[in-house]
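So this one's model38.cif, mmCIF, C-alpha atoms and all ligand atoms:
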data_target
#
loop_
_atom_site.label_atom_id
_atom_site.label_comp_id
_atom_site.auth_asym_id
_atom_site.auth_seq_id
_atom_site.Cartn_x
_atom_site.Cartn_y
_atom_site.Cartn_z
CA MET A 133 38.44 -39.83 -182.18
CA SER A 134 39.06 -36.59 -184.08
CA ALA A 135 38.65 -38.66 -187.27
CA ALA A 136 35.18 -39.67 -186.05
CA ILE A 137 34.35 -36.03 -185.32
CA ASP A 138 35.62 -34.97 -188.76
CA HIS A 139 33.47 -37.65 -190.39
CA LEU A 140 30.35 -36.63 -188.48
CA ARG A 141 30.64 -32.84 -188.50
CA PRO A 142 29.39 -32.23 -192.08
CA HIS A 143 26.28 -34.35 -191.40
CA VAL A 144 25.63 -32.80 -188.00
CA ALA A 145 26.43 -29.13 -188.69
CA PRO A 146 23.31 -28.29 -190.78
CA LEU A 147 20.99 -29.76 -188.11
CA LYS A 148 22.63 -28.31 -184.97
CA PRO A 149 21.31 -31.07 -182.66
CA LYS A 150 21.42 -30.34 -178.93
CA THR A 151 20.23 -33.75 -177.78
CA GLY A 152 21.91 -37.16 -177.83
CA ILE A 153 20.13 -40.41 -177.06
CA VAL A 154 21.71 -43.72 -176.06
CA LEU A 155 19.42 -46.64 -176.85
CA GLY A 156 19.73 -49.67 -174.60
CA SER A 157 18.48 -53.16 -175.29
CA GLY A 158 14.87 -53.16 -176.39
CA LEU A 159 14.95 -49.64 -177.68
CA GLY A 160 16.54 -50.55 -180.99
CA ARG A 161 13.16 -50.09 -182.67
CA PHE A 162 13.13 -46.40 -181.69
CA VAL A 163 15.37 -45.94 -184.74
CA GLU A 164 12.37 -46.82 -186.93
CA ALA A 165 10.58 -43.69 -185.67
CA LEU A 166 13.45 -41.46 -186.80
CA GLU A 167 13.77 -39.38 -189.91
CA VAL A 168 17.31 -40.54 -190.64
CA VAL A 169 19.78 -38.01 -192.04
CA HIS A 170 22.94 -40.09 -191.75
CA ARG A 171 23.81 -43.45 -190.20
CA VAL A 172 27.19 -45.03 -189.59
CA SER A 173 28.30 -48.16 -187.80
CA TYR A 174 30.54 -47.72 -184.70
CA ALA A 175 33.00 -49.99 -186.50
CA ASP A 176 33.50 -47.22 -189.08
CA LEU A 177 34.07 -44.48 -186.49
CA PRO A 178 37.70 -44.50 -185.32
CA GLY A 179 37.92 -44.82 -181.53
CA PHE A 180 34.34 -46.03 -181.10
CA PRO A 181 33.88 -49.30 -179.20
CA VAL A 182 32.14 -52.25 -180.78
CA SER A 183 29.77 -54.28 -178.62
CA ARG A 184 29.52 -58.01 -178.97
CA VAL A 185 26.36 -58.33 -176.85
CA SER A 186 23.33 -59.64 -178.76
CA GLY A 187 20.59 -57.01 -178.95
CA HIS A 188 23.05 -54.10 -178.95
CA ALA A 189 23.73 -53.06 -182.56
CA GLY A 190 26.39 -50.35 -182.60
CA GLU A 191 25.29 -47.58 -184.90
CA LEU A 192 25.31 -43.78 -184.72
CA VAL A 193 22.33 -42.11 -186.35
CA VAL A 194 21.97 -38.40 -187.09
CA ALA A 195 18.25 -37.78 -187.39
CA ARG A 196 15.11 -35.87 -186.56
CA ALA A 197 12.94 -37.37 -183.83
CA GLY A 198 9.54 -35.81 -183.25
CA GLY A 199 10.90 -32.99 -185.43
CA ALA A 200 13.88 -32.31 -183.16
CA PRO A 201 17.43 -32.85 -184.44
CA VAL A 202 19.18 -35.60 -182.48
CA ILE A 203 22.23 -37.83 -182.53
CA VAL A 204 21.28 -41.37 -181.55
CA LEU A 205 23.76 -43.92 -180.28
CA SER A 206 21.98 -47.18 -180.97
CA GLY A 207 23.78 -49.74 -178.85
CA ARG A 208 26.28 -49.40 -176.04
CA VAL A 209 29.37 -51.15 -174.78
CA HIS A 210 29.14 -52.32 -171.17
CA PHE A 211 31.64 -52.34 -168.33
CA TYR A 212 31.25 -56.12 -168.12
CA GLU A 213 32.51 -56.65 -171.67
CA SER A 214 36.10 -55.73 -170.80
CA GLY A 215 36.19 -54.40 -167.24
CA ASP A 216 36.62 -50.88 -168.65
CA ALA A 217 34.31 -48.30 -167.06
CA ASN A 218 35.43 -45.95 -169.83
CA ALA A 219 33.99 -48.09 -172.62
CA MET A 220 31.58 -45.32 -173.73
CA ARG A 221 33.97 -42.40 -173.35
CA ALA A 222 34.71 -41.90 -177.07
CA PRO A 223 31.04 -41.77 -178.14
CA ILE A 224 30.09 -39.39 -175.31
CA GLU A 225 33.12 -37.16 -175.82
CA THR A 226 32.33 -37.09 -179.55
CA LEU A 227 28.74 -35.97 -178.91
CA ALA A 228 29.97 -33.22 -176.57
CA ALA A 229 32.50 -32.08 -179.20
CA LEU A 230 29.69 -31.93 -181.79
CA GLY A 231 27.69 -29.50 -179.65
CA ILE A 232 25.32 -31.88 -177.86
CA GLU A 233 24.07 -30.39 -174.56
CA ASN A 234 21.52 -32.96 -173.33
CA LEU A 235 22.10 -36.71 -173.11
CA ILE A 236 19.18 -39.10 -172.75
CA LEU A 237 20.28 -42.55 -171.56
CA THR A 238 18.04 -45.62 -171.69
CA ASN A 239 18.49 -49.16 -170.44
CA SER A 240 16.65 -52.24 -169.33
CA ALA A 241 16.63 -53.11 -165.66
CA GLY A 242 15.23 -55.44 -163.05
CA SER A 243 12.70 -54.21 -160.50
CA VAL A 244 13.29 -54.63 -156.80
CA ARG A 245 9.84 -53.23 -155.96
CA GLU A 246 6.67 -55.35 -155.98
CA ASP A 247 4.67 -52.40 -157.31
CA LEU A 248 7.01 -51.83 -160.25
CA ALA A 249 6.02 -54.53 -162.72
CA PRO A 250 7.81 -55.74 -165.86
CA GLY A 251 6.77 -53.57 -168.79
CA SER A 252 6.92 -50.36 -166.72
CA VAL A 253 9.14 -47.39 -167.46
CA LEU A 254 11.11 -45.89 -164.57
CA ARG A 255 12.71 -42.46 -164.82
CA THR A 256 16.04 -42.44 -163.02
CA ALA A 257 15.92 -39.96 -160.15
CA ASP A 258 19.33 -40.93 -158.81
CA HIS A 259 21.78 -43.83 -158.81
CA ILE A 260 24.07 -45.94 -156.66
CA ALA A 261 27.37 -46.91 -158.32
CA PHE A 262 27.46 -50.20 -156.46
CA SER A 263 30.23 -51.63 -158.64
CA GLY A 264 32.43 -48.98 -157.04
CA ARG A 265 34.11 -48.10 -160.34
CA SER A 266 34.39 -44.67 -161.85
CA PRO A 267 35.31 -43.98 -165.49
CA LEU A 268 37.27 -40.98 -164.19
CA ILE A 269 39.87 -43.06 -162.36
CA GLY A 270 43.20 -42.08 -163.89
CA VAL A 271 41.91 -38.84 -165.41
CA GLU A 272 44.09 -35.86 -164.46
CA GLY A 273 43.13 -32.32 -163.47
CA ASP A 274 40.58 -30.86 -161.12
CA GLY A 275 37.79 -31.49 -163.64
CA ARG A 276 37.75 -35.10 -162.45
CA PHE A 277 36.09 -34.10 -159.16
CA VAL A 278 32.66 -34.05 -160.73
CA GLY A 279 29.72 -33.08 -158.51
CA MET A 280 26.92 -35.61 -158.68
CA THR A 281 24.30 -33.83 -156.54
CA ASN A 282 22.28 -32.87 -159.62
CA ALA A 283 23.54 -35.60 -161.93
CA TYR A 284 20.01 -36.04 -163.31
CA ASP A 285 18.87 -32.69 -164.63
CA PRO A 286 15.66 -31.43 -162.96
CA GLY A 287 14.59 -29.48 -166.05
CA LEU A 288 14.85 -32.49 -168.38
CA ALA A 289 13.09 -34.66 -165.76
CA ALA A 290 10.19 -32.18 -165.62
CA ARG A 291 9.94 -32.20 -169.40
CA MET A 292 9.81 -35.98 -169.52
CA GLU A 293 7.12 -36.04 -166.84
CA ALA A 294 5.06 -33.47 -168.71
CA ALA A 295 5.36 -35.54 -171.92
CA ALA A 296 4.21 -38.70 -170.10
CA GLU A 297 1.31 -36.84 -168.52
CA GLY A 298 0.28 -35.49 -171.91
CA LEU A 299 0.04 -39.10 -173.11
CA GLY A 300 -2.03 -40.07 -170.07
CA LEU A 301 0.82 -42.20 -168.66
CA THR A 302 2.09 -42.29 -165.10
CA LEU A 303 5.87 -42.18 -164.98
CA PRO A 304 7.37 -43.38 -161.70
CA SER A 305 10.90 -42.37 -160.78
CA GLY A 306 13.46 -44.13 -158.64
CA VAL A 307 17.01 -45.10 -157.85
CA TYR A 308 19.02 -47.26 -160.29
CA MET A 309 21.72 -49.40 -158.72
CA TRP A 310 24.61 -50.37 -160.97
CA PHE A 311 25.90 -53.93 -160.62
CA SER A 312 28.84 -54.86 -162.82
CA GLY A 313 27.20 -57.96 -164.37
CA PRO A 314 27.27 -59.89 -166.60
CA ASN A 315 25.82 -62.42 -164.14
CA PHE A 316 22.48 -61.44 -162.68
CA GLU A 317 22.17 -60.70 -158.96
CA THR A 318 21.46 -63.22 -156.22
CA PRO A 319 18.24 -63.00 -154.18
CA ALA A 320 20.33 -61.75 -151.23
CA GLU A 321 21.78 -58.97 -153.40
CA ILE A 322 18.28 -57.93 -154.47
CA ARG A 323 17.17 -57.77 -150.82
CA MET A 324 20.30 -55.70 -150.09
CA ALA A 325 19.55 -53.38 -153.03
CA ARG A 326 16.07 -52.74 -151.63
CA ILE A 327 17.41 -52.02 -148.14
CA LEU A 328 20.00 -49.63 -149.58
CA GLY A 329 17.32 -47.62 -151.34
CA ALA A 330 17.31 -48.97 -154.89
CA ASP A 331 14.19 -49.32 -157.01
CA ALA A 332 15.86 -50.97 -160.00
CA VAL A 333 19.07 -52.85 -160.73
CA GLY A 334 21.05 -52.93 -163.96
CA MET A 335 24.42 -53.39 -165.61
CA SER A 336 24.96 -50.13 -167.49
CA THR A 337 24.40 -46.38 -167.75
CA VAL A 338 25.99 -45.17 -164.50
CA PRO A 339 29.51 -44.80 -165.99
CA GLU A 340 27.92 -42.97 -168.93
CA VAL A 341 26.17 -40.55 -166.55
CA ILE A 342 29.50 -39.82 -164.84
CA LEU A 343 31.24 -39.29 -168.20
CA ALA A 344 28.41 -37.08 -169.44
CA ARG A 345 28.67 -34.89 -166.33
CA TYR A 346 32.45 -34.73 -166.77
CA PHE A 347 31.92 -33.44 -170.33
CA GLY A 348 29.32 -30.93 -169.10
CA LEU A 349 26.21 -32.57 -170.54
CA LYS A 350 22.81 -32.49 -168.85
CA VAL A 351 21.47 -35.99 -168.24
CA LEU A 352 18.09 -37.65 -168.36
CA ALA A 353 17.85 -41.43 -167.88
CA ALA A 354 15.11 -44.01 -167.87
CA SER A 355 14.82 -47.78 -167.54
CA VAL A 356 12.49 -50.26 -169.13
CA ILE A 357 11.68 -52.82 -166.46
CA THR A 358 12.02 -56.29 -167.99
CA ASN A 359 11.74 -58.50 -164.90
CA TYR A 360 11.45 -58.67 -161.13
CA GLY A 361 14.83 -58.99 -159.40
CA ALA A 362 16.27 -62.39 -158.54
CA GLY A 363 14.30 -64.28 -155.90
CA MET A 364 11.17 -62.12 -156.17
CA THR A 365 9.23 -64.65 -158.24
CA GLY A 366 11.27 -67.85 -157.96
CA ALA A 367 11.99 -67.84 -161.72
CA GLU A 368 15.58 -67.88 -163.04
CA LEU A 369 16.62 -64.76 -164.96
CA SER A 370 18.02 -64.78 -168.47
CA HIS A 371 19.21 -62.45 -171.20
CA ASP A 372 16.55 -64.00 -173.48
CA GLU A 373 13.88 -62.74 -171.08
CA THR A 374 15.46 -59.27 -171.08
CA LYS A 375 15.48 -59.21 -174.89
CA GLU A 376 11.92 -60.50 -175.11
CA MET A 377 10.44 -58.12 -172.52
CA ALA A 378 12.42 -54.96 -173.34
CA PRO A 379 10.49 -54.00 -176.49
CA LYS A 380 7.21 -53.91 -174.48
CA GLY A 381 8.22 -51.12 -172.10
CA GLY A 382 10.56 -49.87 -174.82
CA GLU A 383 7.60 -48.90 -176.96
CA THR A 384 6.16 -46.82 -174.10
CA LEU A 385 9.49 -45.16 -173.41
CA GLY A 386 9.90 -44.42 -177.13
CA ARG A 387 6.48 -42.73 -177.22
CA ILE A 388 7.34 -40.58 -174.20
CA LEU A 389 10.68 -39.53 -175.69
CA LEU A 390 9.12 -38.66 -179.05
CA ALA A 391 6.42 -36.57 -177.33
CA MET A 392 9.10 -34.82 -175.28
CA LEU A 393 11.22 -34.08 -178.35
CA ALA A 394 8.15 -32.90 -180.27
CA SER A 395 7.33 -30.37 -177.55
CA GLY A 396 10.20 -28.23 -178.88
CA ASP A 397 13.40 -26.60 -177.68
CA LEU A 398 15.44 -29.79 -177.32
N1 LIG B 401 19.56 -57.31 -163.14
C1 LIG B 401 20.53 -56.60 -163.75
N2 LIG B 401 20.40 -56.11 -164.98
C2 LIG B 401 19.23 -56.30 -165.61
C3 LIG B 401 18.19 -57.03 -165.03
C4 LIG B 401 18.36 -57.55 -163.71
O1 LIG B 401 17.47 -58.20 -163.12
N3 LIG B 401 17.17 -57.05 -165.93
C5 LIG B 401 17.60 -56.36 -167.02
N4 LIG B 401 18.85 -55.90 -166.84
#

Write out the structure in this file as structure tokens.
Amino acid sequence: MSAAIDHLRPHVAPLKPKTGIVLGSGLGRFVEALEVVHRVSYADLPGFPVSRVSGHAGELVVARAGGAPVIVLSGRVHFYESGDANAMRAPIETLAALGIENLILTNSAGSVREDLAPGSVLRTADHIAFSGRSPLIGVEGDGRFVGMTNAYDPGLAARMEAAAEGLGLTLPSGVYMWFSGPNFETPAEIRMARILGADAVGMSTVPEVILARYFGLKVLAASVITNYGAGMTGAELSHDETKEMAPKGGETLGRILLAMLASGDL
């Protein structure tokens, strides 16, 4: 990983970015809105994981977004690809080592709420790690006992809400429940998720939030809702549907993030 840091440092140092952004499926096009300074494939960064999921190109981009310097991780590796909750540790640790202070995580998710329709954007207020796995299992030292009471930073949340309001958009917030995947949930699991207090279900992000908190980063997260949860409409779910629907809400989320970054001090 230090080789990756050594490679990136000369490109990052002149910009001094404080914000990192992980783009989930459907947000790939956000890269088109960036003023790119440097881009490199994960495959060329020693220690970085390479995803084999369609719709998840693995590329790190040093750029300006809405005028703010950022490091964008376009594409993620999921727990379900290998059973490793630590799959995104190297990229997140690298961002922390390069001076990143804020991490914005995006994903696509299913809605478990009738009033949260596909195409909506949902800011993550909190999560349930339903898969029961932590990326910190096996880590030594007292630093592993990470507090999660304020896992989602209130200041970043307020800034995102202000940016949405400035665009005339309502931005609901809710609880994201992490299922391991890669299979979708059953209708009974979706009913359970609702009873347990979830608003959305998905297969990513939660281990990254835990890792980010471990490395001392502030976290903001948001989901693009691509579908109603299993059993809510009678239709079968598919990855094709996720890929087709994600860019719709993804465009809205991209606009909100750009407005937030353009408002300065990030
Ligand atoms: N379930 C889990 N993950 C998802 C879904 C879903 O319904 N939609 C998009 N990602």

Which residues of chain A come within 7 Å of ligand LIG 401 (chain B), and for each one, what is the closest pair of atoms and their distance in Å to one decimal, counting only C-alpha atoms and all ligand atoms, sorted by chain and residue number, as a Markdown table?
| residue | atom | partner | partner_atom | distance |
| --- | --- | --- | --- | --- |
| A:Ser240 | CA | B:LIG401 | C5 | 4.8 |
| A:Ala241 | CA | B:LIG401 | C5 | 3.7 |
| A:Gly242 | CA | B:LIG401 | O1 | 3.6 |
| A:Ser243 | CA | B:LIG401 | O1 | 6.7 |
| A:Phe311 | CA | B:LIG401 | C1 | 6.8 |
| A:Gly313 | CA | B:LIG401 | C1 | 6.8 |
| A:Phe316 | CA | B:LIG401 | N1 | 5.1 |
| A:Glu317 | CA | B:LIG401 | N1 | 6.0 |
| A:Val333 | CA | B:LIG401 | C1 | 5.0 |
| A:Gly334 | CA | B:LIG401 | N2 | 3.4 |
| A:Met335 | CA | B:LIG401 | N2 | 4.9 |
| A:Ile357 | CA | B:LIG401 | C5 | 6.9 |
| A:Thr358 | CA | B:LIG401 | N3 | 5.6 |
| A:Asn359 | CA | B:LIG401 | N3 | 5.7 |
| A:Tyr360 | CA | B:LIG401 | O1 | 6.4 |
| A:Gly361 | CA | B:LIG401 | O1 | 4.6 |
| A:Ala362 | CA | B:LIG401 | O1 | 6.3 |
| A:Leu369 | CA | B:LIG401 | O1 | 6.9 |
| A:Thr374 | CA | B:LIG401 | C5 | 5.4 |

Report, in Å to a single decimal, how far apart CA of Thr384 in chain A and CA of Phe162 in chain A are.
10.3 Å

Give me, as CSV, the closest atom pair and its distance (Å, one decimal) for every residue of range 277-388 of chain A within a cut-off of 9 Å of range 212-228 of chain A, counting all atoms listed in the file, rows sorted by chain and rising number.
residue,atom,partner,partner_atom,distance
A:Ser312,CA,A:Tyr212,CA,6.0
A:Gly313,CA,A:Tyr212,CA,5.8
A:Pro314,CA,A:Tyr212,CA,5.7
A:Met335,CA,A:Tyr212,CA,7.8
A:Ser336,CA,A:Tyr212,CA,8.7
A:Pro339,CA,A:Ala217,CA,6.0
A:Glu340,CA,A:Met220,CA,6.5
A:Leu343,CA,A:Arg221,CA,6.6
A:Ala344,CA,A:Ile224,CA,6.5
A:Phe347,CA,A:Ala228,CA,6.5
A:Gly348,CA,A:Ala228,CA,7.8
A:Leu349,CA,A:Ala228,CA,7.1

Go through A:Glu164, A:Asp176, A:Glu383, A:Asp258 one by one, measure the shortest atom-to-atom distance of each to Ala135 in chain A using only C-alpha atoms, and give the residue with the smallest value.
A:Asp176

Selection: 10 Å around His139 in chain A, all atoms listed in the file, excl. self and same-chain fewer than 4 positions, as a list in words
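Non-adjacent residues within range: Met133, Ser134, Ala135, His143, Val144, Val172, Asp176, Leu177 and Pro178 of chain A.
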
Which of these, A:Asp274, A:Glu297, A:Glu233, A:Asp372, has the shortest distance to Pro149 in chain A once you count only C-alpha atoms?
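Ranking A:Asp274, A:Glu297, A:Glu233, A:Asp372 by distance to Pro149 in chain A, first place goes to A:Glu233.
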
Go through A:Thr281, A:Ser173, A:Thr256, A:Thr151 one by one, measure the shortest atom-to-atom distance of each to Asn234 in chain A using only C-alpha atoms, and give the residue with the smallest value.
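Looking only at the distances to Asn234 in chain A, the closest residue turns out to be A:Thr151.
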
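Here CA of Gly300 in chain A stands at a distance of 28.0 Å from CA of Leu205 in chain A.
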
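Nearest to Ala296 in chain A of all the residues A:Pro267, A:Gly386, A:Pro319, A:Gly275 is A:Gly386, counting only C-alpha atoms.
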
Return the single residue from A:Gly179, A:Gly251, A:Pro146, A:Gly273 that is closest to Tyr346 in chain A, with distances computed using all atoms listed in the file.
A:Gly273

Smallest atom-to-atom distance to Ser355 in chain A: which of A:Leu303, A:Leu390, A:Ala197, A:Val169, using all atoms listed in the file?
A:Leu303

Show me, as number ranges by chain, the residues that have an atom within 10 Å of Thr337 in chain A when counting all atoms listed in the file, minus same-chain residues fewer than 6 positions from it.
A: 154, 156, 208-211, 220, 237-240, 259, 261, 308-310, 343, 353-355

Correct to one decimal, the distance CA of Val202 in chain A-CA of Ser252 in chain A is 24.8 Å

Would you tabulate, counting all atoms listed in the file, all residues of range 313-390 of chain A that have an atom at most 8 Å from an atom of range 287-292 of chain A, showing the closest pair of atoms and their distance in Å to one decimal, sorted by chain then ascending number, as a Markdown table?
| residue | atom | partner | partner_atom | distance |
| --- | --- | --- | --- | --- |
| A:Lys350 | CA | A:Leu288 | CA | 8.0 |
| A:Val351 | CA | A:Leu288 | CA | 7.5 |
| A:Leu352 | CA | A:Leu288 | CA | 6.1 |
| A:Ile388 | CA | A:Met292 | CA | 7.0 |
| A:Leu389 | CA | A:Met292 | CA | 7.2 |

Rebuild range 275-298 of chain A so that it carries N, CA, C and O atoms, then output the result as a PDB file, in the coordinates of the input.
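So result-v3.pdb came out as:
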ATOM      1  N   GLY A 275      39.076 -31.180-163.013  1.00  0.00           N
ATOM      2  CA  GLY A 275      37.790 -31.490-163.640  1.00  0.00           C
ATOM      3  C   GLY A 275      37.273 -32.869-163.267  1.00  0.00           C
ATOM      4  O   GLY A 275      36.084 -33.150-163.377  1.00  0.00           O
ATOM      5  N   ARG A 276      38.174 -33.736-162.788  1.00  0.00           N
ATOM      6  CA  ARG A 276      37.750 -35.100-162.450  1.00  0.00           C
ATOM      7  C   ARG A 276      36.852 -35.139-161.202  1.00  0.00           C
ATOM      8  O   ARG A 276      36.164 -36.109-160.965  1.00  0.00           O
ATOM      9  N   PHE A 277      36.892 -34.085-160.395  1.00  0.00           N
ATOM     10  CA  PHE A 277      36.090 -34.100-159.160  1.00  0.00           C
ATOM     11  C   PHE A 277      34.677 -33.618-159.470  1.00  0.00           C
ATOM     12  O   PHE A 277      34.258 -32.524-159.091  1.00  0.00           O
ATOM     13  N   VAL A 278      33.974 -34.439-160.197  1.00  0.00           N
ATOM     14  CA  VAL A 278      32.660 -34.050-160.730  1.00  0.00           C
ATOM     15  C   VAL A 278      31.599 -34.127-159.643  1.00  0.00           C
ATOM     16  O   VAL A 278      31.448 -35.166-158.985  1.00  0.00           O
ATOM     17  N   GLY A 279      30.843 -33.063-159.458  1.00  0.00           N
ATOM     18  CA  GLY A 279      29.720 -33.080-158.510  1.00  0.00           C
ATOM     19  C   GLY A 279      28.596 -33.935-159.065  1.00  0.00           C
ATOM     20  O   GLY A 279      28.290 -33.866-160.246  1.00  0.00           O
ATOM     21  N   MET A 280      27.996 -34.733-158.212  1.00  0.00           N
ATOM     22  CA  MET A 280      26.920 -35.610-158.680  1.00  0.00           C
ATOM     23  C   MET A 280      25.586 -35.308-157.974  1.00  0.00           C
ATOM     24  O   MET A 280      24.645 -36.085-158.061  1.00  0.00           O
ATOM     25  N   THR A 281      25.521 -34.167-157.290  1.00  0.00           N
ATOM     26  CA  THR A 281      24.300 -33.830-156.540  1.00  0.00           C
ATOM     27  C   THR A 281      23.114 -33.669-157.479  1.00  0.00           C
ATOM     28  O   THR A 281      22.019 -34.120-157.176  1.00  0.00           O
ATOM     29  N   ASN A 282      23.347 -33.032-158.623  1.00  0.00           N
ATOM     30  CA  ASN A 282      22.280 -32.870-159.620  1.00  0.00           C
ATOM     31  C   ASN A 282      22.650 -33.584-160.906  1.00  0.00           C
ATOM     32  O   ASN A 282      22.535 -33.040-161.995  1.00  0.00           O
ATOM     33  N   ALA A 283      23.106 -34.838-160.759  1.00  0.00           N
ATOM     34  CA  ALA A 283      23.540 -35.600-161.930  1.00  0.00           C
ATOM     35  C   ALA A 283      22.407 -35.734-162.938  1.00  0.00           C
ATOM     36  O   ALA A 283      22.620 -35.711-164.141  1.00  0.00           O
ATOM     37  N   TYR A 284      21.183 -35.895-162.430  1.00  0.00           N
ATOM     38  CA  TYR A 284      20.010 -36.040-163.310  1.00  0.00           C
ATOM     39  C   TYR A 284      19.308 -34.692-163.340  1.00  0.00           C
ATOM     40  O   TYR A 284      18.823 -34.215-162.323  1.00  0.00           O
ATOM     41  N   ASP A 285      19.293 -34.087-164.504  1.00  0.00           N
ATOM     42  CA  ASP A 285      18.870 -32.690-164.630  1.00  0.00           C
ATOM     43  C   ASP A 285      17.379 -32.487-164.305  1.00  0.00           C
ATOM     44  O   ASP A 285      16.515 -33.111-164.935  1.00  0.00           O
ATOM     45  N   PRO A 286      17.064 -31.621-163.348  1.00  0.00           N
ATOM     46  CA  PRO A 286      15.660 -31.430-162.960  1.00  0.00           C
ATOM     47  C   PRO A 286      14.797 -30.895-164.099  1.00  0.00           C
ATOM     48  O   PRO A 286      13.633 -31.278-164.232  1.00  0.00           O
ATOM     49  N   GLY A 287      15.365 -30.042-164.946  1.00  0.00           N
ATOM     50  CA  GLY A 287      14.590 -29.480-166.050  1.00  0.00           C
ATOM     51  C   GLY A 287      14.201 -30.552-167.063  1.00  0.00           C
ATOM     52  O   GLY A 287      13.046 -30.625-167.517  1.00  0.00           O
ATOM     53  N   LEU A 288      15.157 -31.416-167.420  1.00  0.00           N
ATOM     54  CA  LEU A 288      14.850 -32.490-168.380  1.00  0.00           C
ATOM     55  C   LEU A 288      13.860 -33.479-167.753  1.00  0.00           C
ATOM     56  O   LEU A 288      12.960 -33.985-168.437  1.00  0.00           O
ATOM     57  N   ALA A 289      14.021 -33.742-166.446  1.00  0.00           N
ATOM     58  CA  ALA A 289      13.090 -34.660-165.760  1.00  0.00           C
ATOM     59  C   ALA A 289      11.672 -34.112-165.835  1.00  0.00           C
ATOM     60  O   ALA A 289      10.718 -34.843-166.145  1.00  0.00           O
ATOM     61  N   ALA A 290      11.528 -32.800-165.591  1.00  0.00           N
ATOM     62  CA  ALA A 290      10.190 -32.180-165.620  1.00  0.00           C
ATOM     63  C   ALA A 290       9.597 -32.281-167.018  1.00  0.00           C
ATOM     64  O   ALA A 290       8.399 -32.533-167.190  1.00  0.00           O
ATOM     65  N   ARG A 291      10.447 -32.118-168.026  1.00  0.00           N
ATOM     66  CA  ARG A 291       9.940 -32.200-169.400  1.00  0.00           C
ATOM     67  C   ARG A 291       9.487 -33.606-169.747  1.00  0.00           C
ATOM     68  O   ARG A 291       8.502 -33.802-170.445  1.00  0.00           O
ATOM     69  N   MET A 292      10.214 -34.591-169.257  1.00  0.00           N
ATOM     70  CA  MET A 292       9.810 -35.980-169.520  1.00  0.00           C
ATOM     71  C   MET A 292       8.490 -36.283-168.807  1.00  0.00           C
ATOM     72  O   MET A 292       7.609 -36.943-169.364  1.00  0.00           O
ATOM     73  N   GLU A 293       8.359 -35.785-167.583  1.00  0.00           N
ATOM     74  CA  GLU A 293       7.120 -36.040-166.840  1.00  0.00           C
ATOM     75  C   GLU A 293       5.937 -35.373-167.513  1.00  0.00           C
ATOM     76  O   GLU A 293       4.854 -35.959-167.607  1.00  0.00           O
ATOM     77  N   ALA A 294       6.143 -34.165-168.018  1.00  0.00           N
ATOM     78  CA  ALA A 294       5.060 -33.470-168.710  1.00  0.00           C
ATOM     79  C   ALA A 294       4.655 -34.237-169.972  1.00  0.00           C
ATOM     80  O   ALA A 294       3.463 -34.369-170.283  1.00  0.00           O
ATOM     81  N   ALA A 295       5.660 -34.780-170.692  1.00  0.00           N
ATOM     82  CA  ALA A 295       5.360 -35.540-171.920  1.00  0.00           C
ATOM     83  C   ALA A 295       4.556 -36.786-171.580  1.00  0.00           C
ATOM     84  O   ALA A 295       3.577 -37.119-172.265  1.00  0.00           O
ATOM     85  N   ALA A 296       4.937 -37.486-170.505  1.00  0.00           N
ATOM     86  CA  ALA A 296       4.210 -38.700-170.100  1.00  0.00           C
ATOM     87  C   ALA A 296       2.778 -38.344-169.720  1.00  0.00           C
ATOM     88  O   ALA A 296       1.824 -39.013-170.126  1.00  0.00           O
ATOM     89  N   GLU A 297       2.647 -37.255-168.959  1.00  0.00           N
ATOM     90  CA  GLU A 297       1.310 -36.840-168.520  1.00  0.00           C
ATOM     91  C   GLU A 297       0.433 -36.499-169.720  1.00  0.00           C
ATOM     92  O   GLU A 297      -0.738 -36.871-169.769  1.00  0.00           O
ATOM     93  N   GLY A 298       1.025 -35.840-170.695  1.00  0.00           N
ATOM     94  CA  GLY A 298       0.280 -35.490-171.910  1.00  0.00           C
ATOM     95  C   GLY A 298      -0.225 -36.728-172.642  1.00  0.00           C
ATOM     96  O   GLY A 298      -1.223 -36.668-173.363  1.00  0.00           O
TER      97      GLY A 298
END
